[in-house]
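Text of the file start.cif, holding mmCIF, C-alpha atoms:
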data_entry
#
loop_
_atom_site.label_atom_id
_atom_site.label_comp_id
_atom_site.auth_asym_id
_atom_site.auth_seq_id
_atom_site.Cartn_x
_atom_site.Cartn_y
_atom_site.Cartn_z
CA MET A 1 -15.90 -9.16 -8.18
CA THR A 2 -18.43 -6.41 -7.59
CA VAL A 3 -20.44 -5.97 -4.44
CA ASP A 4 -23.57 -7.01 -6.36
CA GLN A 5 -21.86 -10.24 -7.40
CA LEU A 6 -20.87 -10.85 -3.81
CA ARG A 7 -24.43 -10.15 -2.65
CA ALA A 8 -25.78 -12.63 -5.20
CA LYS A 9 -23.30 -15.26 -4.03
CA VAL A 10 -24.34 -14.72 -0.41
CA GLU A 11 -28.06 -14.74 -1.16
CA ALA A 12 -27.75 -17.91 -3.25
CA GLY A 13 -25.92 -19.67 -0.43
CA HIS A 14 -22.85 -20.29 -2.59
CA LEU A 15 -20.27 -19.42 0.04
CA PRO A 16 -17.95 -22.20 1.16
CA GLN A 17 -17.54 -23.08 4.82
CA VAL A 18 -14.40 -21.34 6.09
CA ASN A 19 -13.07 -21.50 9.61
CA ARG A 20 -12.22 -18.15 11.18
CA THR A 21 -8.65 -17.69 12.36
CA HIS A 22 -6.79 -15.14 14.49
CA TYR A 23 -5.16 -13.54 11.41
CA ILE A 24 -5.87 -9.88 10.67
CA ASN A 25 -4.93 -7.34 8.02
CA ASN A 26 -5.48 -3.58 8.30
CA HIS A 27 -3.61 -2.61 5.11
CA ILE A 28 -5.31 -3.92 1.97
CA HIS A 29 -5.12 -1.82 -1.19
CA THR A 30 -7.87 -2.04 -3.80
CA THR A 31 -8.50 -1.00 -7.39
CA HIS A 32 -9.21 2.49 -6.07
CA SER A 33 -5.45 2.89 -5.77
CA PHE A 34 -3.26 -0.02 -6.91
CA SER A 35 -4.34 -3.63 -6.48
CA PRO A 36 -5.87 -6.51 -8.44
CA TYR A 37 -8.74 -6.56 -5.92
CA THR A 38 -11.92 -4.53 -5.99
CA PRO A 39 -13.05 -3.58 -2.48
CA ALA A 40 -15.60 -6.41 -2.53
CA ALA A 41 -13.01 -8.89 -3.83
CA ALA A 42 -10.53 -7.76 -1.16
CA VAL A 43 -13.00 -8.48 1.63
CA TYR A 44 -14.04 -11.77 0.05
CA THR A 45 -10.40 -12.86 -0.35
CA ALA A 46 -9.69 -11.93 3.26
CA TRP A 47 -12.81 -13.83 4.34
CA ILE A 48 -12.08 -16.97 2.30
CA ASN A 49 -8.56 -17.02 3.76
CA GLY A 50 -10.08 -17.16 7.22
CA LEU A 51 -9.07 -13.70 8.38
CA ALA A 52 -10.78 -12.36 11.48
CA THR A 53 -10.75 -8.75 10.23
CA ALA A 54 -9.84 -6.73 7.14
CA GLY A 55 -8.99 -3.07 6.58
CA ILE A 56 -8.98 -0.97 3.41
CA MET A 57 -5.94 1.28 2.93
CA ASP A 58 -5.87 2.98 -0.47
CA HIS A 59 -3.51 5.76 -1.49
CA ASP A 60 -4.94 9.30 -1.35
CA THR A 61 -8.57 8.18 -1.50
CA THR A 62 -11.39 6.66 0.52
CA SER A 63 -13.63 6.17 -2.52
CA GLY A 64 -13.63 2.38 -2.11
CA ALA A 65 -14.60 2.46 1.55
CA ARG A 66 -18.40 2.20 1.17
CA GLU A 67 -18.12 -0.92 -1.01
CA PHE A 68 -15.61 -2.40 1.43
CA LEU A 69 -17.98 -1.80 4.34
CA GLU A 70 -20.92 -3.30 2.48
CA ALA A 71 -18.89 -6.38 1.60
CA GLY A 72 -17.96 -6.75 5.25
CA ARG A 73 -21.63 -6.50 6.23
CA LEU A 74 -22.65 -9.14 3.65
CA LEU A 75 -20.02 -11.56 4.94
CA ASP A 76 -20.55 -10.63 8.59
CA MET A 77 -16.86 -9.78 8.77
CA PRO A 78 -15.49 -6.93 10.91
CA VAL A 79 -13.75 -4.36 8.72
CA THR A 80 -12.08 -0.99 9.19
CA VAL A 81 -11.48 2.04 6.97
CA GLY A 82 -8.22 3.91 6.44
CA VAL A 83 -6.21 5.87 3.88
CA GLU A 84 -2.49 6.07 3.14
CA CYS A 85 -0.58 9.06 1.80
CA ARG A 86 2.81 10.73 1.73
CA VAL A 87 3.51 13.91 3.65
CA ASP A 88 6.10 16.66 3.44
CA MET A 89 8.53 16.49 6.37
CA SER A 90 10.69 19.41 5.25
CA ARG A 91 9.59 21.56 8.19
CA THR A 92 10.78 18.97 10.68
CA PRO A 93 14.30 18.03 11.85
CA PHE A 94 14.31 15.35 9.13
CA VAL A 95 14.46 17.65 6.15
CA GLY A 96 16.85 16.19 3.61
CA ARG A 97 16.73 12.72 5.17
CA ARG A 98 15.61 9.49 3.52
CA ILE A 99 12.80 8.52 5.91
CA ASN A 100 10.47 5.73 4.74
CA ASN A 101 10.00 6.69 1.08
CA PRO A 102 12.38 4.77 -1.23
CA ASP A 103 12.25 7.50 -3.88
CA GLN A 104 12.40 10.87 -2.15
CA ASP A 105 13.99 12.64 0.82
CA SER A 106 12.00 14.74 3.31
CA CYS A 107 8.93 12.67 2.48
CA ALA A 108 7.17 10.08 4.65
CA TYR A 109 4.44 7.52 4.19
CA VAL A 110 1.73 7.85 6.83
CA ALA A 111 -1.72 6.40 7.39
CA MET A 112 -5.05 7.54 8.75
CA HIS A 113 -6.77 4.64 10.49
CA CYS A 114 -10.23 4.22 11.96
CA ILE A 115 -12.16 6.77 9.87
CA PRO A 116 -15.69 7.30 11.26
CA HIS A 117 -18.10 6.49 8.45
CA GLN A 118 -19.83 9.87 8.37
CA HIS A 119 -16.45 11.40 7.43
CA ILE A 120 -15.53 9.07 4.55
CA GLU A 121 -16.58 11.46 1.79
CA ALA A 122 -15.12 14.50 3.56
CA VAL A 123 -11.74 12.79 3.85
CA ASP A 124 -11.86 11.85 0.19
CA GLU A 125 -12.72 15.44 -0.74
CA TRP A 126 -9.76 16.67 1.34
CA PHE A 127 -7.44 14.52 -0.78
CA ALA A 128 -8.96 15.59 -4.14
CA PRO A 129 -6.58 18.53 -4.86
CA TYR A 130 -3.59 16.38 -3.93
CA ARG A 131 -4.73 13.68 -6.38
CA ALA A 132 -5.07 16.31 -9.09
CA ALA A 133 -1.59 17.65 -8.40
CA ARG A 134 -0.23 14.12 -8.43
CA ASN A 135 -1.60 13.53 -11.92
CA VAL A 136 0.28 16.57 -13.22
CA ARG A 137 3.48 14.91 -12.04
CA ASN A 138 2.31 11.49 -13.28
CA ARG A 139 2.00 12.89 -16.80
CA ALA A 140 5.47 14.36 -16.59
CA MET A 141 6.89 11.04 -15.38
CA CYS A 142 5.29 9.25 -18.34
CA GLU A 143 7.14 11.69 -20.59
CA ASN A 144 10.37 10.87 -18.76
CA ILE A 145 9.82 7.14 -19.27
CA ASN A 146 9.23 7.68 -22.96
CA LYS A 147 12.65 9.33 -23.22
CA ILE A 148 14.42 6.20 -21.97
CA VAL A 149 12.43 3.36 -23.54
CA PRO A 150 12.15 2.39 -27.22
CA ASP A 151 9.27 4.00 -29.10
CA TYR A 152 7.32 0.75 -29.21
CA LEU A 153 7.23 0.74 -25.37
CA ALA A 154 6.11 4.37 -25.04
CA ILE A 155 3.11 4.88 -22.74
CA ASP A 156 0.30 7.40 -22.97
CA PHE A 157 -1.04 8.62 -19.63
CA ASP A 158 -4.67 8.95 -20.73
CA ARG A 159 -4.84 5.80 -22.84
CA ASP A 160 -2.56 3.40 -20.95
CA VAL A 161 -2.36 4.58 -17.34
CA LEU A 162 -5.65 6.19 -16.28
CA PRO A 163 -7.80 3.13 -17.08
CA LEU A 164 -5.76 1.07 -14.61
CA SER A 165 -7.10 2.95 -11.59
CA VAL A 166 -10.59 3.68 -10.34
CA SER A 167 -9.51 6.72 -8.32
CA ALA A 168 -5.90 7.48 -7.36
CA VAL A 169 -3.00 7.01 -9.80
CA THR A 170 0.41 6.05 -8.42
CA GLU A 171 3.85 5.25 -9.82
CA ARG A 172 2.80 1.59 -9.78
CA HIS A 173 0.07 2.32 -12.34
CA ILE A 174 2.62 3.92 -14.66
CA LEU A 175 4.94 0.95 -14.34
CA PHE A 176 2.08 -1.53 -14.73
CA ALA A 177 1.21 0.18 -18.02
CA LEU A 178 4.83 -0.28 -19.07
CA ALA A 179 4.74 -3.93 -17.98
CA LYS A 180 1.74 -4.45 -20.25
CA LYS A 181 3.61 -2.81 -23.12
CA ILE A 182 6.52 -5.16 -22.52
CA THR A 183 4.38 -8.31 -22.53
CA ALA A 184 2.65 -7.12 -25.70
CA ALA A 185 6.00 -6.65 -27.46
CA TYR A 186 7.87 -9.66 -26.01
CA LYS A 187 5.87 -12.87 -26.16
CA THR A 188 7.86 -15.27 -23.99
CA PRO A 189 9.35 -14.99 -20.50
CA ASP A 190 12.89 -15.30 -21.92
CA GLU A 191 12.17 -12.44 -24.32
CA VAL A 192 10.75 -10.36 -21.45
CA LEU A 193 13.89 -10.98 -19.40
CA TYR A 194 15.99 -9.94 -22.41
CA CYS A 195 13.99 -6.71 -22.58
CA LEU A 196 14.39 -6.00 -18.87
CA LYS A 197 18.11 -6.79 -18.69
CA GLU A 198 19.46 -5.89 -22.12
CA VAL A 199 17.05 -3.33 -23.59
CA LEU A 200 16.26 -1.47 -20.36
CA GLY A 201 19.48 -2.34 -18.50
CA LEU A 202 17.76 -3.39 -15.28
CA GLU A 203 18.92 -5.80 -12.61
CA VAL A 204 16.71 -8.85 -12.01
CA SER A 205 17.21 -10.87 -8.85
CA PRO A 206 17.45 -14.66 -9.20
CA ARG A 207 14.20 -15.10 -7.26
CA VAL A 208 12.25 -12.73 -9.47
CA GLU A 209 13.85 -14.18 -12.61
CA ARG A 210 12.57 -17.62 -11.61
CA ASN A 211 9.10 -16.16 -11.09
CA ILE A 212 9.10 -14.49 -14.49
CA LYS A 213 10.36 -17.64 -16.23
CA GLY A 214 7.38 -19.49 -14.78
CA GLY A 215 5.05 -16.69 -15.78
CA LEU A 216 3.11 -18.57 -18.43
CA ASP A 217 2.26 -21.18 -15.80
CA THR A 218 1.08 -18.47 -13.39
CA PRO A 219 -0.35 -15.75 -15.67
CA GLU A 220 -2.13 -14.03 -12.76
CA PHE A 221 1.30 -13.11 -11.35
CA TYR A 222 3.24 -12.51 -14.57
CA GLU A 223 2.81 -8.78 -15.16
CA TYR A 224 3.03 -8.06 -11.42
CA ASP A 225 6.42 -9.79 -11.27
CA ILE A 226 7.59 -7.65 -14.19
CA LEU A 227 6.23 -4.61 -12.37
CA GLY A 228 8.32 -5.57 -9.33
CA VAL A 229 11.51 -5.42 -11.42
CA LEU A 230 10.52 -2.06 -12.88
CA LYS A 231 9.69 -0.62 -9.47
CA SER A 232 12.95 -1.72 -7.86
CA SER A 233 15.26 -0.68 -10.73
CA LEU A 234 13.63 1.85 -13.05
CA VAL A 235 11.92 4.40 -10.82
CA GLU A 236 15.09 6.38 -10.10
CA LYS A 237 15.53 6.92 -13.83
CA PHE A 238 12.23 8.72 -14.39
CA TYR A 239 11.09 9.84 -10.94
CA ILE A 240 10.23 13.49 -10.34
CA ASP A 241 10.11 14.68 -6.74
CA ALA A 242 6.59 15.24 -5.45
CA THR A 243 5.83 18.78 -4.32
CA ASP A 244 2.28 20.18 -4.56
CA GLU A 245 0.74 16.74 -4.06
CA LEU A 246 2.28 16.40 -0.59
CA PRO A 247 0.37 17.84 2.35
CA ASP A 248 2.58 19.21 5.07
CA VAL A 249 2.71 16.73 7.94
CA THR A 250 0.98 19.21 10.26
CA ASP A 251 -1.88 19.73 7.79
CA PHE A 252 -2.30 15.95 7.55
CA LEU A 253 -2.41 15.62 11.32
CA ASP A 254 -4.93 18.45 11.63
CA MET A 255 -7.18 16.73 9.09
CA VAL A 256 -6.94 13.33 10.76
CA HIS A 257 -7.83 14.67 14.17
CA ARG A 258 -10.57 16.96 12.83
CA PHE A 259 -12.27 13.87 11.42
CA ASP A 260 -11.63 11.76 14.55
CA GLY A 261 -9.15 9.36 12.94
CA ILE A 262 -5.91 7.86 14.19
CA ALA A 263 -2.69 9.22 12.68
CA ALA A 264 -0.02 6.57 12.19
CA TYR A 265 3.55 6.71 10.98
CA ALA A 266 4.42 3.76 8.71
CA TYR A 267 7.71 2.25 9.89
CA LEU A 268 9.75 0.75 7.05
CA GLY A 269 13.22 0.09 8.44
CA ASP A 270 16.39 -0.56 6.51
CA VAL A 271 15.76 -3.03 3.69
CA GLY A 272 18.02 -5.98 2.87
CA ASP A 273 16.36 -8.65 0.72
CA SER A 274 12.96 -7.25 -0.20
CA VAL A 275 10.12 -9.60 0.73
CA THR A 276 7.97 -8.45 -2.17
CA GLY A 277 10.82 -8.16 -4.67
CA ASP A 278 10.03 -4.53 -5.50
CA LYS A 279 12.49 -2.77 -3.16
CA LYS A 280 16.23 -2.66 -3.49
CA ALA A 281 18.56 -2.86 -0.51
CA GLN A 282 18.46 0.61 1.02
CA LYS A 283 18.91 2.53 4.27
CA PHE A 284 15.91 4.25 5.79
CA GLU A 285 15.10 5.50 9.28
CA ASP A 286 16.87 2.97 11.50
CA ASP A 287 19.97 5.13 12.08
CA TYR A 288 17.92 7.88 13.72
CA LEU A 289 14.78 6.04 14.80
CA ASP A 290 14.94 7.20 18.43
CA SER A 291 14.89 10.88 17.51
CA LEU A 292 12.30 10.28 14.80
CA MET A 293 9.93 8.67 17.29
CA GLU A 294 10.40 11.58 19.67
CA THR A 295 9.56 14.04 16.91
CA LEU A 296 6.52 12.02 15.80
CA LYS A 297 5.20 12.23 19.34
CA GLU A 298 5.79 15.99 19.47
CA LEU A 299 4.03 16.45 16.13
CA GLY A 300 0.94 14.64 17.40
CA PHE A 301 1.02 11.17 15.85
CA ASP A 302 -1.10 8.60 17.68
CA ALA A 303 0.29 5.33 16.38
CA VAL A 304 2.99 3.49 14.48
CA THR A 305 2.08 0.89 11.88
CA TYR A 306 4.53 -1.81 10.83
CA MET A 307 4.56 -5.17 9.03
CA PRO A 308 6.12 -8.10 10.90
CA THR A 309 7.11 -9.99 7.74
CA ARG A 310 9.07 -7.01 6.38
CA ASN A 311 11.58 -6.62 9.19
CA THR A 312 14.12 -8.55 11.23
CA GLU A 313 13.38 -9.61 14.79
CA ALA A 314 15.85 -7.00 16.06
CA GLN A 315 14.12 -4.24 14.07
CA LEU A 316 10.70 -5.27 15.36
CA ASP A 317 11.86 -5.51 18.98
CA ARG A 318 13.33 -2.03 18.72
CA VAL A 319 10.28 -0.41 17.16
CA MET A 320 7.96 -2.09 19.69
CA GLU A 321 10.13 -0.87 22.56
CA LEU A 322 10.07 2.69 21.22
CA CYS A 323 6.31 2.56 20.74
CA GLU A 324 5.96 1.60 24.39
CA LYS A 325 8.31 4.41 25.41
CA TYR A 326 6.36 7.08 23.55
CA GLY A 327 2.87 5.68 24.11
CA PHE A 328 2.08 4.93 20.46
CA MET A 329 -0.69 2.55 19.55
CA GLN A 330 0.81 -0.28 17.53
CA ILE A 331 -1.06 -1.19 14.35
CA SER A 332 -0.18 -3.79 11.77
CA GLY A 333 -1.29 -5.06 8.40
CA GLU A 334 0.50 -6.57 5.44
CA ASP A 335 0.62 -4.23 2.44
CA ILE A 336 -1.52 -6.07 -0.16
CA ASN A 337 -1.23 -4.73 -3.72
CA SER A 338 -0.21 -7.81 -5.73
CA PRO A 339 -1.85 -11.21 -6.28
CA ARG A 340 1.36 -12.96 -5.22
CA GLN A 341 1.06 -11.59 -1.70
CA SER A 342 -0.67 -13.74 0.89
CA PHE A 343 -3.53 -12.29 2.92
CA VAL A 344 -2.39 -14.49 5.80
CA CYS A 345 0.49 -13.19 7.91
CA ARG A 346 1.94 -16.16 9.81
CA ALA A 347 3.88 -13.80 12.06
CA TYR A 348 0.70 -13.45 14.12
CA ASP A 349 1.22 -17.04 15.27
CA ASN A 350 3.97 -15.61 17.48
CA PRO A 351 2.52 -14.63 20.88
CA LYS A 352 4.75 -11.52 20.93
CA PHE A 353 2.47 -10.01 18.23
CA LYS A 354 -0.84 -10.71 19.95
CA HIS A 355 -1.14 -7.02 20.77
CA LEU A 356 -1.39 -6.32 17.02
CA ILE A 357 -4.41 -8.60 16.76
CA ASP A 358 -5.97 -6.87 19.77
CA ALA A 359 -5.28 -3.50 18.13
CA ALA A 360 -7.19 -4.51 15.00
CA PHE A 361 -10.30 -5.20 17.04
CA ALA A 362 -9.76 -2.00 19.02
CA LEU A 363 -9.74 -0.06 15.74
CA ILE A 364 -12.99 -1.70 14.68
CA GLU A 365 -14.70 -1.03 17.99
CA ARG A 366 -13.56 2.60 18.01
CA GLU A 367 -14.68 3.09 14.42
CA LYS A 368 -18.06 1.56 15.18
CA ARG A 369 -18.50 3.71 18.28
CA LEU A 370 -17.65 6.96 16.47
CA SER A 371 -19.62 6.24 13.28
CA VAL A 372 -23.13 7.63 12.98
CA CYS A 373 -23.98 6.47 9.47
#
Show the structure stored in the file as structure tokens.
Amino acid sequence: MTVDQLRAKVEAGHLPQVNRTHYINNHIHTTHSFSPYTPAAAVYTAWINGLATAGIMDHDTTSGAREFLEAGRLLDMPVTVGVECRVDMSRTPFVGRRINNPDQDSCAYVAMHCIPHQHIEAVDEWFAPYRAARNVRNRAMCENINKIVPDYLAIDFDRDVLPLSVSAVTERHILFALAKKITAAYKTPDEVLYCLKEVLGLEVSPRVERNIKGGLDTPEFYEYDILGVLKSSLVEKFYIDATDELPDVTDFLDMVHRFDGIAAYAYLGDVGDSVTGDKKAQKFEDDYLDSLMETLKELGFDAVTYMPTRNTEAQLDRVMELCEKYGFMQISGEDINSPRQSFVCRAYDNPKFKHLIDAAFALIEREKRLSVC
């Protein structure tokens, strides 16, 4: 869906009646990084699911923000603008540690929330050299994949990967291109599973195997389920550590505060059974979370963002307690980048997470107050 198509739907009065709920989401990816949703479609899907607010959160780019804002205006839905990236933590006490990035040590996922609208293009321009550096590594990772897959599954970065993204290219785009190669070569779900397990030697969880076997009945999920297997099991075989594409954490913080945004650390927590099926069981920052939070405060972070459906109650209680201790704003949103993921997070039915709903509206009000265009 384009914003023009959404505008036509609104003007023609073809919108269904949808009751608003208390559900919010500040972390929706779009086609400008990796997602099946255009910015307009993301807002429309959030709206039709009854969400009270929606927030765009693409990787390394804000190029979808204007469309997202316009879609929110058309639907009279409060929205907020952010951007997600990875930063280099090697000049902190956590050099050499696995923080919240499943693939690389000394590297952390962070977010800039609440971008005033007059700074959208400037933030995107700030990320431009990092996107360019990332594509150098993306090309090299495609070459690595082609060394470990049969020739008929080889992927070409320019032909197969670049067309899958409007702006920023991530590892998911590379793997999605490979998923498309697999479905082109193997016509049935059983054949695809044979390719994944026997040809590529990957582990497939029973839950994901059931999803793939039902793929022809749910074609909108099929290639994304295959992508989930590839992301959880194949990345370590072709991954190249990011270097030039990673801003130093202090440079990121300087940029965020120069443009009046909110700098948030993205808490992941140790993973057991991955909710989305694309993460293997792995240890992250829980063993040293207290000292990490202290360092984040010293560095100048303003907030911590976390996803209630991704963690145990004990993990969530601990991170909320530490946020209170260090005075971090608590922000939440479910990471939407696959059609199988629900826009509705039922965790917000729990009164203990009401502050996350309040925070979403606080972001919107702050963004509105600081925006001059």
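Taking CA of Thr188 (chain A) and CA of Pro206 (chain A) as endpoints, the distance between them is 17.6 Å.
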Could you list, as a short mmCIF file (atom, residue, chain, number, x, y, z; two decimals) with C-alpha atoms, in the frame of the given file, every residue matched by the PyMOL selection byres ((chain A and resi 40-53) around 8) in this structure?
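Below you can see out.cif, which holds the result:
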data_model
loop_
_atom_site.label_atom_id
_atom_site.label_comp_id
_atom_site.auth_asym_id
_atom_site.auth_seq_id
_atom_site.Cartn_x
_atom_site.Cartn_y
_atom_site.Cartn_z
CA MET A 1 -15.90 -9.16 -8.18
CA THR A 2 -18.43 -6.41 -7.59
CA VAL A 3 -20.44 -5.97 -4.44
CA LEU A 6 -20.87 -10.85 -3.81
CA PRO A 16 -17.95 -22.20 1.16
CA VAL A 18 -14.40 -21.34 6.09
CA ASN A 19 -13.07 -21.50 9.61
CA ARG A 20 -12.22 -18.15 11.18
CA THR A 21 -8.65 -17.69 12.36
CA HIS A 22 -6.79 -15.14 14.49
CA TYR A 23 -5.16 -13.54 11.41
CA ILE A 24 -5.87 -9.88 10.67
CA ASN A 25 -4.93 -7.34 8.02
CA ASN A 26 -5.48 -3.58 8.30
CA ILE A 28 -5.31 -3.92 1.97
CA THR A 30 -7.87 -2.04 -3.80
CA TYR A 37 -8.74 -6.56 -5.92
CA THR A 38 -11.92 -4.53 -5.99
CA PRO A 39 -13.05 -3.58 -2.48
CA ALA A 54 -9.84 -6.73 7.14
CA GLY A 55 -8.99 -3.07 6.58
CA GLU A 67 -18.12 -0.92 -1.01
CA PHE A 68 -15.61 -2.40 1.43
CA GLU A 70 -20.92 -3.30 2.48
CA ALA A 71 -18.89 -6.38 1.60
CA GLY A 72 -17.96 -6.75 5.25
CA LEU A 75 -20.02 -11.56 4.94
CA MET A 77 -16.86 -9.78 8.77
CA PRO A 78 -15.49 -6.93 10.91
CA VAL A 79 -13.75 -4.36 8.72
CA THR A 80 -12.08 -0.99 9.19
CA PHE A 343 -3.53 -12.29 2.92
CA VAL A 344 -2.39 -14.49 5.80
CA ALA A 360 -7.19 -4.51 15.00
CA PHE A 361 -10.30 -5.20 17.04
#
Just say which residues the PyMOL selection byres ((chain A and resi 233) around 12) picks in this file, as a PyMOL selection string. chain A and resi 102-103+175+196-197+200-205+226-232+234-239+277-281
For this file, the PyMOL selection byres ((chain A and resi 98) around 10) selects which residues, as a ChimeraX atom specification? /A:94-97,99-108,282-285
Go through region 178-267 of chain A residue by residue and, counting only C-alpha atoms, keep those with an atom at most 12 Å from region 322-341 of chain A; for each kept residue give the shortest atom pair and its distance in Å to one decimal, ordered by chain and increasing number, as a tab-separated table.
residue	atom	partner	partner_atom	distance
A:Val208	CA	A:Arg340	CA	11.7
A:Asn211	CA	A:Arg340	CA	10.2
A:Gly215	CA	A:Arg340	CA	11.8
A:Thr218	CA	A:Arg340	CA	9.9
A:Pro219	CA	A:Pro339	CA	10.5
A:Glu220	CA	A:Pro339	CA	7.1
A:Phe221	CA	A:Arg340	CA	6.1
A:Tyr222	CA	A:Arg340	CA	9.5
A:Glu223	CA	A:Ser338	CA	9.9
A:Tyr224	CA	A:Ser338	CA	6.6
A:Asp225	CA	A:Arg340	CA	8.5
A:Ile226	CA	A:Ser338	CA	11.5
A:Leu227	CA	A:Ser338	CA	9.8
A:Gly228	CA	A:Ser338	CA	9.5
A:Ile262	CA	A:Met329	CA	9.2
A:Ala263	CA	A:Met329	CA	9.8
A:Ala264	CA	A:Ile331	CA	8.1
A:Tyr265	CA	A:Ile331	CA	9.7
A:Ala266	CA	A:Ile331	CA	9.3
A:Tyr267	CA	A:Ser332	CA	10.1
Gap from CA of Thr170 (chain A) to CA of Met112 (chain A) - Å, one decimal: 18.1 Å
Using all atoms listed in the file, which residue out of A:Lys147, A:Ile182, A:Asn135, A:Gln315 lies closest to Leu289 (chain A)?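 That would be A:Gln315, the residue with the smallest distance to Leu289 (chain A).
For the atom pair formed by CA of Glu367 (chain A) and CA of His117 (chain A), the distance is 7.7 Å, given to one decimal.
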Ranking A:Ser35, A:Leu356, A:Leu246, A:Arg66 by minimum distance to Leu164 (chain A) and counting only C-alpha atoms, which one comes first? A:Ser35
